[in-house]
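The next block holds one structure in the form of structure tokens; read it before the comments.
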Amino acid sequence: MISRIKELFSKKPKVVTRFAPSPTGFMHIGGARTALYAYLWALKNNGTFILRIEDTDTEREVEGSIEHIKKTLSWLGIEWKYGPDKPGPFGSCIQSERLDTYREYAQKLIAKGLAYPDPYTSEELESFRTMADAEKRPFLYRKHRPETFEKWDGSKALRFKVANPRRMKWHDEVRGDLEAGEEALDDFILIKKDGYPTYNFAHIIDDLMMGVTHVMRADEFISSTPKFLSLYEALEITPPVLVTLPPILRNDKTKKLGKRDGAKDILEYKKEGFLPETMVNFLALVGWNPGTEREVFNFPDLVKAFEIAKIHKAGGVFNEEKLRWMNKEHLKLLPKEKFVEAVRERLSENERVKDLGWKLTPEVLTRIAPVILDRIEVYSDLDLMIVDRDLDYYFTEPNYDALSLRWKDEVDLKGTIKHLTFVKDALTAVPDSKWREGDIKEAIWPYADAEGRGQVLWPLRYALSGKDKSPNPFTLSDILGKETTLKRITEALKKCADANV
RNA sequence: GGCCCUAUCGUCUAAUGGUUAGGACAGAGCCUUUUCAAGGCUUAAAUCAGAGUUCGAUUCUCUGUAGGGUCACCA
């Protein structure tokens, strides 16, 4: 109640931010970053975050995009108060459902004499443009503005009449004080021939209606900001706070990262097994930095630390190697049950795992979780471990035939039998209650040290895993359990005996 | 071409009118480990260039250079 009163009487308007994608396909890193910053800022200020769909270009619209965008944001944990599925007091959050509003504002501008129908054909416009290009000057429509305006009947595009072209100055929270010459100002289209508004017009009306206080967007909009300002002026509204985000660059730093350059669908990262908390953390750090040496953040801490003042001016490259490293950091922070469940899910989705018939019980997985955690950065690394059969020793019997052959060729078989026999006896003596890595090592180590570590431990590794790459034999014994461990050693010994004959 | 923006290790970045210019990823080396991985330690690596202001610039100013954005009935 008190906070409600405070809110009503507070002079400072409540922070409202929005993410306003066009439904033209999947969401990539840049879009997700913009959405995240807007969301973080809203959360930090106890404000409102809106998801608005800017579907005014019917040509470029890709079916299913809205669902895809929603799915992506949800995965990242970004929640909208109003969105395509949740209309607000201002109505729909889908621009194609707000056409009346735009028309209404268009009429206001017409009434003020600040909007007029464009009499030219696209061919005529094109020739103007070619001319300007040939003369190496920027194309300005207003140089061709008709003397007298017809009445707009909707059959032609409606243009904004820039009343007073002049040098414009404005403030950007990130870039500071900016300005641009009068050539940045022109008569732009408000409503297209097809009845849909342009971005330039629609976003301003919507931001106004939705009470948006902070506009965050990438830096390609700096150049058109003077146009927006002239429209705010004509509409007699106070512009929101402008926050320009730095570009995310391609690996070679020569260009903004675009879909063509391999900018991935964010959900691809999900498929590869990145944690959403990694993506959020990492995305936040491309273009912003708290100014401390801390890099790994959970979400609440990120909200706490996030500051518009610390957003960068210059662009940066999205470094997937570092992303992998960070994912491991977040994997380590994950509660064990969550990690186990995720590993189980990933493994059970794998066809090969089904073929191998591994028992993916929580008990087994919990036991081997630390070893898995040591060996992966991303869940998709599990797929590799399966292909390489690295995980086999957790679930299947070693291939003793292959083993015995190797022993015959390369190792002193008698010595191997002697060592394995000792190890077997030593381990048998370890009580069930002490079947832990440390105690297992304790039981074998003095002997191994005396006899030659490699001589003793290498056969043991083979006996247990059937491979020459595996976690250390003590960990392995711990994971496999006393019964399986002894069984495998026994079988290995049998193979040795057979080979010795 | 006009207008506009940007500039610290290979990459992400910290700092500030005075630091040996700090950290992280990747790299190299060492330790640990039966091997691989993981982990630990160590190491190499940067203020775009030139002027100016200043006792002192990476930081402030100017010029240049390079890169980027924009000049749509796309957003």
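Order determines the names: the first chain of the structure tokens is A, the second B, and so forth; residues in each chain are numbered 1 upward, and ligands are numbered 1 upward as they are shown.
Here is the contact set of chain A against chain B, at 6 Å and counting only C-alpha atoms (C1' of nucleotides): Lys136, Arg137, Pro138, Lys192, Glu220, Ser223, Glu293, Ala314, Lys322, Asp374, Arg375, Gly454, Leu457, Trp458 and Lys469 of chain A.
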The distance between CA of Cys93 (chain A) and CA of Arg52 (chain A) is 4.8 Å
For region 11-20 of chain A, please output as a PyMOL selection string all residues within 8 Å (counting only C-alpha atoms (C1' of nucleotides); exclusion window: fewer than 3 positions along the same chain). chain A and resi 7+34-35+38-39+41-42+45-54+211-216
Let me see the file: selected residues, N, CA and C atoms, as a PDB file, in the first residue's frame.
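Result written to again_12.pdb:
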ATOM      1  N   GLU A   7       4.538   5.288  -5.260  1.00  0.00           N
ATOM      2  CA  GLU A   7       4.602   5.214  -6.710  1.00  0.00           C
ATOM      3  C   GLU A   7       3.752   6.314  -7.338  1.00  0.00           C
ATOM      4  N   THR A  34      20.383  -6.908 -26.341  1.00  0.00           N
ATOM      5  CA  THR A  34      19.532  -5.729 -26.190  1.00  0.00           C
ATOM      6  C   THR A  34      18.376  -6.018 -25.237  1.00  0.00           C
ATOM      7  N   ALA A  35      17.744  -7.160 -25.439  1.00  0.00           N
ATOM      8  CA  ALA A  35      16.623  -7.543 -24.574  1.00  0.00           C
ATOM      9  C   ALA A  35      17.083  -7.645 -23.124  1.00  0.00           C
ATOM     10  N   ALA A  38      17.721  -4.242 -21.412  1.00  0.00           N
ATOM     11  CA  ALA A  38      16.452  -3.568 -21.113  1.00  0.00           C
ATOM     12  C   ALA A  38      15.799  -4.227 -19.899  1.00  0.00           C
ATOM     13  N   TYR A  39      15.873  -5.539 -19.861  1.00  0.00           N
ATOM     14  CA  TYR A  39      15.263  -6.282 -18.752  1.00  0.00           C
ATOM     15  C   TYR A  39      15.996  -6.022 -17.440  1.00  0.00           C
ATOM     16  N   TRP A  41      17.713  -3.468 -16.618  1.00  0.00           N
ATOM     17  CA  TRP A  41      17.483  -2.109 -16.140  1.00  0.00           C
ATOM     18  C   TRP A  41      16.101  -1.969 -15.499  1.00  0.00           C
ATOM     19  N   ALA A  42      15.125  -2.603 -16.118  1.00  0.00           N
ATOM     20  CA  ALA A  42      13.777  -2.576 -15.552  1.00  0.00           C
ATOM     21  C   ALA A  42      13.775  -3.243 -14.183  1.00  0.00           C
ATOM     22  N   ASN A  45      15.394  -1.286 -11.382  1.00  0.00           N
ATOM     23  CA  ASN A  45      14.628  -0.126 -10.932  1.00  0.00           C
ATOM     24  C   ASN A  45      13.206  -0.483 -10.539  1.00  0.00           C
ATOM     25  N   ASN A  46      12.999  -1.792 -10.392  1.00  0.00           N
ATOM     26  CA  ASN A  46      11.677  -2.222 -10.000  1.00  0.00           C
ATOM     27  C   ASN A  46      10.629  -1.751 -11.007  1.00  0.00           C
ATOM     28  N   GLY A  47      11.032  -1.716 -12.260  1.00  0.00           N
ATOM     29  CA  GLY A  47      10.181  -1.177 -13.313  1.00  0.00           C
ATOM     30  C   GLY A  47       9.488  -2.248 -14.127  1.00  0.00           C
ATOM     31  N   THR A  48       9.092  -1.870 -15.317  1.00  0.00           N
ATOM     32  CA  THR A  48       8.321  -2.760 -16.180  1.00  0.00           C
ATOM     33  C   THR A  48       9.087  -3.043 -17.462  1.00  0.00           C
ATOM     34  N   PHE A  49       9.043  -4.297 -17.866  1.00  0.00           N
ATOM     35  CA  PHE A  49       9.683  -4.675 -19.128  1.00  0.00           C
ATOM     36  C   PHE A  49       8.607  -5.157 -20.092  1.00  0.00           C
ATOM     37  N   ILE A  50       8.635  -4.588 -21.292  1.00  0.00           N
ATOM     38  CA  ILE A  50       7.618  -4.906 -22.282  1.00  0.00           C
ATOM     39  C   ILE A  50       8.252  -5.578 -23.498  1.00  0.00           C
ATOM     40  N   LEU A  51       7.600  -6.599 -23.987  1.00  0.00           N
ATOM     41  CA  LEU A  51       8.025  -7.218 -25.244  1.00  0.00           C
ATOM     42  C   LEU A  51       7.046  -6.779 -26.331  1.00  0.00           C
ATOM     43  N   ARG A  52       7.555  -6.015 -27.275  1.00  0.00           N
ATOM     44  CA  ARG A  52       6.685  -5.494 -28.322  1.00  0.00           C
ATOM     45  C   ARG A  52       7.121  -6.050 -29.676  1.00  0.00           C
ATOM     46  N   ILE A  53       6.157  -6.486 -30.438  1.00  0.00           N
ATOM     47  CA  ILE A  53       6.479  -7.080 -31.733  1.00  0.00           C
ATOM     48  C   ILE A  53       6.291  -6.042 -32.837  1.00  0.00           C
ATOM     49  N   GLU A  54       7.347  -5.759 -33.554  1.00  0.00           N
ATOM     50  CA  GLU A  54       7.298  -4.736 -34.598  1.00  0.00           C
ATOM     51  C   GLU A  54       7.154  -5.398 -35.960  1.00  0.00           C
ATOM     52  N   GLY A 211       4.483   4.320 -22.217  1.00  0.00           N
ATOM     53  CA  GLY A 211       5.197   4.979 -21.126  1.00  0.00           C
ATOM     54  C   GLY A 211       6.657   4.593 -21.019  1.00  0.00           C
ATOM     55  N   VAL A 212       7.255   4.228 -22.134  1.00  0.00           N
ATOM     56  CA  VAL A 212       8.648   3.798 -22.113  1.00  0.00           C
ATOM     57  C   VAL A 212       9.555   4.953 -21.703  1.00  0.00           C
ATOM     58  N   THR A 213      10.399   4.699 -20.704  1.00  0.00           N
ATOM     59  CA  THR A 213      11.270   5.762 -20.190  1.00  0.00           C
ATOM     60  C   THR A 213      12.691   5.662 -20.730  1.00  0.00           C
ATOM     61  N   HIS A 214      13.106   4.442 -21.057  1.00  0.00           N
ATOM     62  CA  HIS A 214      14.477   4.239 -21.521  1.00  0.00           C
ATOM     63  C   HIS A 214      14.463   3.411 -22.802  1.00  0.00           C
ATOM     64  N   VAL A 215      15.010   3.978 -23.849  1.00  0.00           N
ATOM     65  CA  VAL A 215      15.091   3.242 -25.104  1.00  0.00           C
ATOM     66  C   VAL A 215      16.511   2.739 -25.290  1.00  0.00           C
ATOM     67  N   MET A 216      16.647   1.418 -25.325  1.00  0.00           N
ATOM     68  CA  MET A 216      17.967   0.840 -25.544  1.00  0.00           C
ATOM     69  C   MET A 216      17.980   0.175 -26.896  1.00  0.00           C
TER      70      MET A 216
END
Leu190 (chain A) proximity check over A:Tyr105, A:Phe306, A:Phe221, A:Tyr232, using only C-alpha atoms: winner is A:Tyr105
Extract the full set of strand (DSSP E or B) residues from region 164-405 of chain A according to DSSP on the backbone, and format it as a count of residues only.
31
